[in-house]
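start16.cif follows; it contains mmCIF, C-alpha atoms and all ligand atoms.
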data_start
#
loop_
_atom_site.group_PDB
_atom_site.id
_atom_site.type_symbol
_atom_site.label_atom_id
_atom_site.label_comp_id
_atom_site.auth_asym_id
_atom_site.auth_seq_id
_atom_site.Cartn_x
_atom_site.Cartn_y
_atom_site.Cartn_z
ATOM 1 C CA MET M 210 77.492 116.877 141.123
ATOM 2 C CA SER M 211 80.999 117.631 139.954
ATOM 3 C CA LEU M 212 81.672 119.628 136.867
ATOM 4 C CA ASP M 213 83.782 117.976 134.194
ATOM 5 C CA VAL M 214 86.188 120.807 133.523
ATOM 6 C CA ALA M 215 87.650 119.267 130.372
ATOM 7 C CA SER M 216 84.308 118.929 128.631
ATOM 8 C CA ALA M 217 82.881 122.170 130.049
ATOM 9 C CA THR M 218 85.707 124.205 128.569
ATOM 10 C CA PRO M 219 86.838 122.382 125.462
ATOM 11 C CA ASN M 220 89.878 123.831 123.774
ATOM 12 C CA GLU M 221 88.334 123.806 120.314
ATOM 13 C CA SER M 222 91.468 124.847 118.478
ATOM 14 C CA ALA M 223 93.541 121.997 119.915
ATOM 15 C CA VAL M 224 91.061 119.271 119.013
ATOM 16 C CA PRO M 225 91.095 118.337 115.327
ATOM 17 C CA ALA M 226 87.677 118.035 113.741
ATOM 18 C CA PRO M 227 86.567 114.401 113.416
ATOM 19 C CA VAL M 228 87.098 113.077 109.911
ATOM 20 C CA THR M 229 85.763 110.002 108.222
ATOM 21 C CA ARG M 230 88.466 107.954 106.565
ATOM 22 C CA THR M 231 87.488 105.468 103.898
ATOM 23 C CA PRO M 232 89.502 102.264 103.411
ATOM 24 C CA VAL M 233 90.188 101.184 99.844
ATOM 25 C CA THR M 234 90.856 97.471 99.373
ATOM 26 C CA ARG M 235 94.426 96.958 98.200
ATOM 27 C CA THR M 236 96.014 94.423 95.895
ATOM 28 C CA ILE M 237 99.603 93.719 96.869
ATOM 29 C CA LEU M 238 102.569 91.443 96.236
ATOM 30 C CA MET M 239 104.666 89.924 99.023
ATOM 31 C CA CYS M 240 107.591 87.494 99.266
ATOM 32 C CA LYS M 241 107.983 85.078 102.186
ATOM 33 C CA PRO M 242 111.414 85.456 103.845
ATOM 34 C CA ASP M 243 112.335 81.750 103.597
ATOM 35 C CA TYR M 244 115.918 82.680 102.713
ATOM 36 C CA PHE M 245 116.197 85.859 104.776
ATOM 37 C CA THR M 246 119.506 86.508 106.507
ATOM 38 C CA VAL M 247 122.098 89.292 106.616
ATOM 39 C CA VAL M 248 125.295 88.285 104.815
ATOM 40 C CA TYR M 249 126.263 91.619 103.234
ATOM 41 C CA ARG M 250 125.972 95.245 104.244
ATOM 42 C CA ILE M 251 124.374 97.685 101.792
ATOM 43 C CA ASN M 252 122.717 99.968 104.348
ATOM 44 C CA PRO M 253 123.657 101.065 107.889
ATOM 45 C CA TRP M 254 121.053 98.776 109.472
ATOM 46 C CA MET M 255 122.736 95.619 108.212
ATOM 47 C CA ASP M 256 125.514 93.943 110.170
ATOM 48 C CA PRO M 257 126.526 90.479 108.960
ATOM 49 C CA ALA M 258 128.205 89.881 112.343
ATOM 50 C CA LEU M 259 124.823 89.936 114.114
ATOM 51 C CA PRO M 260 122.870 86.676 114.107
ATOM 52 C CA THR M 261 119.508 86.508 112.330
ATOM 53 C CA ASP M 262 116.685 84.072 112.956
ATOM 54 C CA THR M 263 115.042 83.094 109.692
ATOM 55 C CA SER M 264 112.145 81.235 111.310
ATOM 56 C CA LEU M 265 111.361 84.259 113.484
ATOM 57 C CA ALA M 266 111.507 86.454 110.381
ATOM 58 C CA VAL M 267 109.016 84.125 108.691
ATOM 59 C CA ALA M 268 106.720 84.143 111.745
ATOM 60 C CA GLN M 269 106.768 87.959 111.962
ATOM 61 C CA TRP M 270 106.212 88.288 108.219
ATOM 62 C CA GLN M 271 103.284 85.835 108.517
ATOM 63 C CA THR M 272 101.666 88.182 111.038
ATOM 64 C CA LEU M 273 101.931 91.009 108.511
ATOM 65 C CA TYR M 274 100.484 88.769 105.795
ATOM 66 C CA ASP M 275 97.615 87.716 108.081
ATOM 67 C CA THR M 276 96.949 91.352 108.991
ATOM 68 C CA TYR M 277 96.585 92.265 105.323
ATOM 69 C CA VAL M 278 94.326 89.281 104.636
ATOM 70 C CA GLY M 279 92.255 90.283 107.682
ATOM 71 C CA LEU M 280 91.834 93.753 106.176
ATOM 72 C CA GLY M 281 90.413 92.130 103.046
ATOM 73 C CA PHE M 282 93.445 92.801 100.841
ATOM 74 C CA ASP M 283 94.105 90.689 97.778
ATOM 75 C CA VAL M 284 97.597 89.395 98.607
ATOM 76 C CA HIS M 285 99.716 87.785 95.877
ATOM 77 C CA LEU M 286 102.950 85.925 96.507
ATOM 78 C CA ILE M 287 106.166 85.634 94.527
ATOM 79 C CA ASP M 288 108.368 82.594 95.220
ATOM 80 C CA PRO M 289 111.462 83.446 97.262
ATOM 81 C CA ILE M 290 114.810 82.478 95.711
ATOM 82 C CA ASP M 291 117.638 80.860 97.657
ATOM 83 C CA GLY M 292 120.640 83.208 97.715
ATOM 84 C CA LEU M 293 118.545 86.397 97.451
ATOM 85 C CA PRO M 294 118.049 87.196 101.162
ATOM 86 C CA ASP M 295 116.619 90.689 100.518
ATOM 87 C CA MET M 296 113.888 89.456 98.183
ATOM 88 C CA VAL M 297 111.428 89.694 101.102
ATOM 89 C CA TYR M 298 111.506 93.474 100.559
ATOM 90 C CA ALA M 299 109.026 93.240 97.697
ATOM 91 C CA ALA M 300 108.537 97.017 97.520
ATOM 92 C CA ASN M 301 111.866 97.183 95.709
ATOM 93 C CA GLY M 302 110.778 94.711 93.034
ATOM 94 C CA GLY M 303 109.148 97.312 90.781
ATOM 95 C CA PHE M 304 106.539 100.037 90.531
ATOM 96 C CA VAL M 305 103.067 99.226 89.255
ATOM 97 C CA ILE M 306 100.349 101.631 88.121
ATOM 98 C CA ASP M 307 97.687 101.342 85.391
ATOM 99 C CA GLY M 308 98.636 97.697 84.825
ATOM 100 C CA ILE M 309 102.125 98.804 83.783
ATOM 101 C CA ALA M 310 105.034 97.349 85.764
ATOM 102 C CA TYR M 311 108.217 99.382 85.640
ATOM 103 C CA GLY M 312 110.968 96.933 86.530
ATOM 104 C CA ALA M 313 113.655 97.493 89.126
ATOM 105 C CA LYS M 314 117.355 97.810 88.388
ATOM 106 C CA PHE M 315 119.215 97.517 91.649
ATOM 107 C CA THR M 316 122.169 99.624 92.786
ATOM 108 C CA TYR M 317 124.133 96.823 94.426
ATOM 109 C CA PRO M 318 125.150 93.607 92.633
ATOM 110 C CA GLN M 319 123.906 91.486 95.548
ATOM 111 C CA ARG M 320 120.305 92.413 94.720
ATOM 112 C CA GLN M 321 120.506 92.726 90.940
ATOM 113 C CA PRO M 322 119.052 89.250 90.152
ATOM 114 C CA GLU M 323 115.849 90.304 91.934
ATOM 115 C CA GLY M 324 115.015 92.693 89.067
ATOM 116 C CA PRO M 325 114.405 89.997 86.419
ATOM 117 C CA ALA M 326 112.757 87.687 88.990
ATOM 118 C CA TYR M 327 110.099 90.287 89.765
ATOM 119 C CA MET M 328 109.709 91.241 86.086
ATOM 120 C CA ASP M 329 109.059 87.568 85.262
ATOM 121 C CA TRP M 330 106.327 87.522 87.889
ATOM 122 C CA PHE M 331 104.727 90.712 86.536
ATOM 123 C CA GLY M 332 104.779 89.321 82.994
ATOM 124 C CA ALA M 333 103.322 85.968 84.060
ATOM 125 C CA ASN M 334 100.538 87.789 85.908
ATOM 126 C CA GLY M 335 99.310 89.926 83.056
ATOM 127 C CA PHE M 336 101.161 93.180 83.631
ATOM 128 C CA ASP M 337 102.687 95.230 80.831
ATOM 129 C CA VAL M 338 106.352 95.032 81.851
ATOM 130 C CA ARG M 339 108.734 97.886 81.070
ATOM 131 C CA GLU M 340 112.423 97.038 81.366
ATOM 132 C CA PRO M 341 114.229 99.822 83.164
ATOM 133 C CA VAL M 342 117.199 101.582 81.596
ATOM 134 C CA GLU M 343 118.073 103.590 84.696
ATOM 135 C CA ILE M 344 118.928 102.389 88.190
ATOM 136 C CA ASN M 345 115.817 102.342 90.364
ATOM 137 C CA GLU M 346 114.605 100.341 93.348
ATOM 138 C CA GLY M 347 110.900 100.319 92.595
ATOM 139 C CA GLU M 348 108.384 101.408 95.181
ATOM 140 C CA GLY M 349 111.192 101.818 97.688
ATOM 141 C CA ASP M 350 111.832 105.162 95.990
ATOM 142 C CA LEU M 351 108.594 105.730 94.046
ATOM 143 C CA LEU M 352 105.428 106.556 95.967
ATOM 144 C CA LEU M 353 102.069 107.419 94.421
ATOM 145 C CA VAL M 354 100.083 110.099 96.273
ATOM 146 C CA GLY M 355 96.851 110.736 94.395
ATOM 147 C CA ASP M 356 97.983 111.504 90.845
ATOM 148 C CA VAL M 357 101.482 112.546 91.746
ATOM 149 C CA ILE M 358 104.545 110.333 92.024
ATOM 150 C CA LEU M 359 107.030 111.227 94.761
ATOM 151 C CA ALA M 360 110.445 109.969 93.690
ATOM 152 C CA GLY M 361 113.466 109.550 95.935
ATOM 153 C CA THR M 362 117.127 109.785 94.998
ATOM 154 C CA GLY M 363 120.405 110.265 96.803
ATOM 155 C CA PHE M 364 121.357 106.729 97.816
ATOM 156 C CA ARG M 365 119.724 104.210 95.483
ATOM 157 C CA SER M 366 117.478 105.240 92.583
ATOM 158 C CA ALA M 367 119.163 107.494 90.005
ATOM 159 C CA SER M 368 117.376 110.765 89.288
ATOM 160 C CA ASN M 369 117.326 109.791 85.584
ATOM 161 C CA SER M 370 114.908 107.030 86.536
ATOM 162 C CA HIS M 371 112.436 109.721 87.569
ATOM 163 C CA GLU M 372 112.342 110.962 83.965
ATOM 164 C CA GLU M 373 111.871 107.409 82.778
ATOM 165 C CA VAL M 374 108.918 107.000 85.163
ATOM 166 C CA SER M 375 107.399 110.283 84.052
ATOM 167 C CA ALA M 376 107.646 109.244 80.379
ATOM 168 C CA ILE M 377 106.079 105.825 81.060
ATOM 169 C CA TYR M 378 103.146 106.948 83.182
ATOM 170 C CA GLY M 379 102.574 110.506 81.957
ATOM 171 C CA ARG M 380 102.078 111.686 85.516
ATOM 172 C CA PRO M 381 103.863 114.416 87.424
ATOM 173 C CA VAL M 382 106.978 113.142 89.176
ATOM 174 C CA ILE M 383 108.463 115.112 92.050
ATOM 175 C CA THR M 384 112.113 114.454 92.835
ATOM 176 C CA LEU M 385 113.066 114.403 96.523
ATOM 177 C CA LYS M 386 116.668 114.105 97.652
ATOM 178 C CA LEU M 387 117.484 111.938 100.664
ATOM 179 C CA VAL M 388 120.508 112.936 102.754
ATOM 180 C CA ASN M 389 120.662 110.534 105.724
ATOM 181 C CA PRO M 390 122.081 107.065 104.901
ATOM 182 C CA SER M 391 119.816 105.447 107.519
ATOM 183 C CA PHE M 392 116.840 106.607 105.415
ATOM 184 C CA TYR M 393 118.194 105.475 102.080
ATOM 185 C CA HIS M 394 114.867 104.718 100.390
ATOM 186 C CA LEU M 395 112.005 107.193 100.132
ATOM 187 C CA ASP M 396 109.656 104.741 101.847
ATOM 188 C CA THR M 397 111.784 104.934 105.005
ATOM 189 C CA ALA M 398 111.242 108.716 105.184
ATOM 190 C CA VAL M 399 107.713 109.193 103.806
ATOM 191 C CA ALA M 400 104.498 107.314 104.532
ATOM 192 C CA VAL M 401 101.574 107.704 102.143
ATOM 193 C CA LEU M 402 98.339 107.694 104.142
ATOM 194 C CA ASP M 403 95.813 108.286 101.352
ATOM 195 C CA ASP M 404 95.412 110.263 98.109
ATOM 196 C CA THR M 405 96.240 113.593 99.765
ATOM 197 C CA ASN M 406 97.976 112.934 103.078
ATOM 198 C CA ILE M 407 101.474 111.860 103.973
ATOM 199 C CA ALA M 408 103.725 111.616 107.020
ATOM 200 C CA TYR M 409 107.458 112.284 106.829
ATOM 201 C CA LEU M 410 110.746 112.881 108.611
ATOM 202 C CA PRO M 411 112.059 116.364 107.742
ATOM 203 C CA SER M 412 115.709 115.663 108.603
ATOM 204 C CA ALA M 413 115.877 112.926 105.953
ATOM 205 C CA PHE M 414 115.686 115.505 103.105
ATOM 206 C CA ASP M 415 117.800 118.295 101.684
ATOM 207 C CA GLU M 416 116.460 121.866 101.969
ATOM 208 C CA PRO M 417 114.943 122.192 98.461
ATOM 209 C CA SER M 418 113.093 118.882 98.893
ATOM 210 C CA LEU M 419 111.867 119.920 102.307
ATOM 211 C CA ALA M 420 110.528 123.170 100.844
ATOM 212 C CA ILE M 421 108.565 121.134 98.279
ATOM 213 C CA LEU M 422 107.147 118.831 100.950
ATOM 214 C CA ARG M 423 106.144 121.743 103.196
ATOM 215 C CA GLU M 424 104.424 123.522 100.338
ATOM 216 C CA ARG M 425 102.598 120.500 98.934
ATOM 217 C CA PHE M 426 101.690 118.889 102.225
ATOM 218 C CA PRO M 427 101.248 121.634 104.818
ATOM 219 C CA ASP M 428 99.122 119.326 107.000
ATOM 220 C CA ALA M 429 101.470 116.350 106.879
ATOM 221 C CA ILE M 430 102.180 114.354 110.005
ATOM 222 C CA ILE M 431 105.726 115.055 111.146
ATOM 223 C CA VAL M 432 107.122 111.980 112.866
ATOM 224 C CA THR M 433 109.654 112.006 115.677
ATOM 225 C CA GLU M 434 113.278 110.980 115.168
ATOM 226 C CA GLU M 435 112.604 108.132 117.642
ATOM 227 C CA ASP M 436 109.782 106.693 115.575
ATOM 228 C CA ALA M 437 111.716 107.123 112.333
ATOM 229 C CA ALA M 438 114.738 105.412 113.923
ATOM 230 C CA ILE M 439 112.811 102.122 114.106
ATOM 231 C CA LEU M 440 111.540 102.648 110.539
ATOM 232 C CA GLY M 441 108.151 103.722 111.879
ATOM 233 C CA LEU M 442 107.417 105.594 108.649
ATOM 234 C CA ASN M 443 107.830 102.409 106.687
ATOM 235 C CA SER M 444 104.117 101.706 106.907
ATOM 236 C CA TYR M 445 101.240 100.800 104.619
ATOM 237 C CA SER M 446 97.808 102.409 104.551
ATOM 238 C CA ASP M 447 94.516 101.595 102.849
ATOM 239 C CA GLY M 448 93.246 105.094 103.543
ATOM 240 C CA TYR M 449 91.918 104.202 106.995
ATOM 241 C CA ASN M 450 93.867 101.276 108.413
ATOM 242 C CA VAL M 451 97.571 102.041 108.669
ATOM 243 C CA VAL M 452 99.840 99.080 109.377
ATOM 244 C CA ILE M 453 102.855 100.413 111.251
ATOM 245 C CA ALA M 454 105.760 99.291 113.431
ATOM 246 C CA ALA M 455 104.245 98.507 116.836
ATOM 247 C CA ARG M 456 106.984 100.488 118.584
ATOM 248 C CA ALA M 457 106.195 103.758 116.734
ATOM 249 C CA LYS M 458 104.014 105.055 119.578
ATOM 250 C CA ASP M 459 103.962 108.765 118.771
ATOM 251 C CA PHE M 460 103.184 108.070 115.112
ATOM 252 C CA GLU M 461 100.392 105.775 116.323
ATOM 253 C CA ARG M 462 98.980 108.577 118.492
ATOM 254 C CA GLN M 463 99.115 111.105 115.661
ATOM 255 C CA LEU M 464 97.395 108.731 113.254
ATOM 256 C CA ARG M 465 94.618 108.056 115.743
ATOM 257 C CA GLU M 466 94.116 111.777 116.350
ATOM 258 C CA ARG M 467 93.610 112.270 112.632
ATOM 259 C CA GLY M 468 90.989 109.571 112.319
ATOM 260 C CA TYR M 469 93.144 106.721 111.016
ATOM 261 C CA ASN M 470 93.237 103.253 112.531
ATOM 262 C CA PRO M 471 96.869 102.362 113.249
ATOM 263 C CA ILE M 472 97.639 98.643 113.509
ATOM 264 C CA GLY M 473 101.006 97.773 115.054
ATOM 265 C CA VAL M 474 103.072 94.784 113.945
ATOM 266 C CA ASP M 475 106.510 93.652 115.079
ATOM 267 C CA LEU M 476 109.020 93.042 112.277
ATOM 268 C CA SER M 477 112.137 93.329 114.458
ATOM 269 C CA GLU M 478 113.940 90.547 112.573
ATOM 270 C CA LEU M 479 113.430 92.184 109.173
ATOM 271 C CA LEU M 480 114.650 95.473 110.650
ATOM 272 C CA LEU M 481 118.077 93.781 110.809
ATOM 273 C CA GLY M 482 118.049 93.962 107.016
ATOM 274 C CA GLY M 483 116.977 97.604 107.081
ATOM 275 C CA GLY M 484 113.332 97.068 106.186
ATOM 276 C CA GLY M 485 109.888 97.292 107.726
ATOM 277 C CA VAL M 486 106.201 96.991 106.864
ATOM 278 C CA LYS M 487 106.223 98.939 103.606
ATOM 279 C CA CYS M 488 109.413 97.318 102.351
ATOM 280 C CA CYS M 489 107.609 93.964 102.473
ATOM 281 C CA THR M 490 104.659 95.315 100.483
ATOM 282 C CA LEU M 491 104.403 96.124 96.769
ATOM 283 C CA GLU M 492 101.127 97.612 95.614
ATOM 284 C CA LEU M 493 99.687 96.241 92.366
ATOM 285 C CA ARG M 494 97.497 98.792 90.610
ATOM 286 C CA ARG M 495 95.656 97.524 87.529
HETATM 287 N N1 LIG M 501 118.464 95.192 102.760
HETATM 288 C C1 LIG M 501 117.623 95.859 101.818
HETATM 289 C C2 LIG M 501 118.431 96.891 101.058
HETATM 290 O O1 LIG M 501 119.237 97.543 101.642
HETATM 291 C C3 LIG M 501 116.446 96.507 102.503
HETATM 292 C C4 LIG M 501 115.443 97.090 101.558
HETATM 293 C C5 LIG M 501 114.335 97.808 102.256
HETATM 294 N N2 LIG M 501 113.278 98.112 101.365
HETATM 295 C C6 LIG M 501 112.645 99.290 101.293
HETATM 296 N N3 LIG M 501 111.639 99.392 100.475
HETATM 297 N N4 LIG M 501 113.026 100.340 101.973
HETATM 298 O O2 LIG M 501 118.286 97.061 99.865
#
Can you present the structure in this file as structure tokens?
Ligand code: ARG
Amino acid sequence: MSLDVASATPNESAVPAPVTRTPVTRTILMCKPDYFTVVYRINPWMDPALPTDTSLAVAQWQTLYDTYVGLGFDVHLIDPIDGLPDMVYAANGGFVIDGIAYGAKFTYPQRQPEGPAYMDWFGANGFDVREPVEINEGEGDLLLVGDVILAGTGFRSASNSHEEVSAIYGRPVITLKLVNPSFYHLDTAVAVLDDTNIAYLPSAFDEPSLAILRERFPDAIIVTEEDAAILGLNSYSDGYNVVIAARAKDFERQLRERGYNPIGVDLSELLLGGGGVKCCTLELRR
């Protein structure tokens, strides 16, 4: 009988203790990419000279939608508007907690009409809508982790919007400064996994922000540059199931090791607009 060396001499310190993760059913808003294309360039991912395939974008988005429905999520839809190709990135449409919807006010004129369109939807669906004074791109730059709001600035949302958010919700808001134009929204550089855990890309932040992240989240998953470079962090978790870019293999491994259930989807077409899983997902918290 041969001795199984690996199990006979387990390296206890290298094996994380098994944890039980509990999924929490999510309520979200999405927008079908019927009018998706790339005709302007407001982030380094976008190149209007490259062809896009709208029907492939719709098919890939449908897979994401079906994945969420399969997880038992309550998925709401806002009608896409012709001429607003980035409207598929619903995360930018606002920020919703406690039934209060803080509207978006976009940086670039090309996306500005999306702000009122999303606010109309929130109002029609029973949310208490707050018109923004300051420039902000919704959940693209505002992420709730437990009771704390992580707020990005540097490329899109103005830091003044963080004060506005703090006044509206009466919750602590932590400002984080993004420094790499490829990771222009906070949700491209941070993934919220549950009420206490996040994953992030250190090189996307300035030193003071990095110090805050290290102190607050000493056990965070640190993703590789490779995984971040396909917007692997742009993922959406229910506390157990984490929907991620299928190509983010190291992130997938790290999630599995920590007791999460990563689910890969391919949104290659929407990556041409500079967005991934999370960008297509706006959480609605009553
Ligand atoms: N083309 C869009 C823009 O640059 C992509 C938005 C991605 N959304 C996000 N939540 N990161 O505004």
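Close contacts of M:Glu435, defined as residues with an atom at most 10 Å away when counting all atoms listed in the file, with chain neighbours fewer than 5 positions off set aside, comprise Leu440, Gly441, Arg456, Ala457, Lys458, Asp459 and Phe460 of chain M.
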Neighbouring residues of stretch 421-431 of chain M were defined as those with any atom within 7 Å, considering all atoms listed in the file; residues of the same chain fewer than 6 positions away were excluded. Please report them as number ranges by chain. M: 406-410
Expand the PyMOL selection byres (((chain M and resi 365) around 12) and not hetatm) into the individual residues it matches in the shown file, reporting them as a ChimeraX atom specification. /M:251-252,301,313-317,320,343-351,360-364,366-370,386-388,390,392-396
Residue nearest M:Leu419 - candidates M:Tyr445, M:Ser264, M:Ile383, M:Ala437, atoms counted: only C-alpha atoms: M:Ile383
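Compared by their closest atoms to M:Tyr274, and using only C-alpha atoms, the residues M:Met328, M:Gln321, M:Leu353, M:Cys240 rank with M:Cys240 nearest.
Take the PyMOL selection byres (((chain M and resi 373) around 10) and not hetatm) and apply it to this file: it picks Tyr311, Pro341, Val342, Glu343, Asn345, Ser368, Asn369, Ser370, His371, Glu372, Val374, Ser375, Ala376, Ile377, Tyr378, Gly379 and Val382 of chain M.
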Grab the residues selected above and save them as an mmCIF file, keeping the file's coordinate frame with C-alpha atoms.
data_model
loop_
_atom_site.group_PDB
_atom_site.id
_atom_site.type_symbol
_atom_site.label_atom_id
_atom_site.label_comp_id
_atom_site.auth_asym_id
_atom_site.auth_seq_id
_atom_site.Cartn_x
_atom_site.Cartn_y
_atom_site.Cartn_z
ATOM 1 C CA TYR M 311 108.217 99.382 85.640
ATOM 2 C CA PRO M 341 114.229 99.822 83.164
ATOM 3 C CA VAL M 342 117.199 101.582 81.596
ATOM 4 C CA GLU M 343 118.073 103.590 84.696
ATOM 5 C CA ASN M 345 115.817 102.342 90.364
ATOM 6 C CA SER M 368 117.376 110.765 89.288
ATOM 7 C CA ASN M 369 117.326 109.791 85.584
ATOM 8 C CA SER M 370 114.908 107.030 86.536
ATOM 9 C CA HIS M 371 112.436 109.721 87.569
ATOM 10 C CA GLU M 372 112.342 110.962 83.965
ATOM 11 C CA VAL M 374 108.918 107.000 85.163
ATOM 12 C CA SER M 375 107.399 110.283 84.052
ATOM 13 C CA ALA M 376 107.646 109.244 80.379
ATOM 14 C CA ILE M 377 106.079 105.825 81.060
ATOM 15 C CA TYR M 378 103.146 106.948 83.182
ATOM 16 C CA GLY M 379 102.574 110.506 81.957
ATOM 17 C CA VAL M 382 106.978 113.142 89.176
#
Once N, CA and C atoms are restored for stretch 456-468 of chain M, what would the output be as a short mmCIF file (atom, residue, chain, number, x, y, z; two decimals), in the frame of the given file?
data_model
loop_
_atom_site.label_atom_id
_atom_site.label_comp_id
_atom_site.auth_asym_id
_atom_site.auth_seq_id
_atom_site.Cartn_x
_atom_site.Cartn_y
_atom_site.Cartn_z
N ARG M 456 106.26 99.63 117.64
CA ARG M 456 106.98 100.49 118.58
C ARG M 456 106.87 101.97 118.26
N ALA M 457 106.29 102.34 117.13
CA ALA M 457 106.20 103.76 116.73
C ALA M 457 105.00 104.42 117.44
N LYS M 458 105.15 104.65 118.74
CA LYS M 458 104.01 105.06 119.58
C LYS M 458 103.52 106.47 119.30
N ASP M 459 104.43 107.40 119.04
CA ASP M 459 103.96 108.76 118.77
C ASP M 459 103.27 108.85 117.40
N PHE M 460 103.82 108.14 116.44
CA PHE M 460 103.18 108.07 115.11
C PHE M 460 101.79 107.47 115.27
N GLU M 461 101.69 106.42 116.07
CA GLU M 461 100.39 105.78 116.32
C GLU M 461 99.38 106.79 116.89
N ARG M 462 99.85 107.57 117.88
CA ARG M 462 98.98 108.58 118.49
C ARG M 462 98.52 109.61 117.45
N GLN M 463 99.47 110.08 116.65
CA GLN M 463 99.12 111.10 115.66
C GLN M 463 98.13 110.57 114.61
N LEU M 464 98.32 109.33 114.23
CA LEU M 464 97.40 108.73 113.25
C LEU M 464 95.99 108.65 113.84
N ARG M 465 95.92 108.20 115.09
CA ARG M 465 94.62 108.06 115.74
C ARG M 465 93.91 109.41 115.86
N GLU M 466 94.68 110.42 116.23
CA GLU M 466 94.12 111.78 116.35
C GLU M 466 93.51 112.27 115.04
N ARG M 467 94.08 111.81 113.95
CA ARG M 467 93.61 112.27 112.63
C ARG M 467 92.57 111.35 112.02
N GLY M 468 92.09 110.40 112.80
CA GLY M 468 90.99 109.57 112.32
C GLY M 468 91.40 108.31 111.59
#
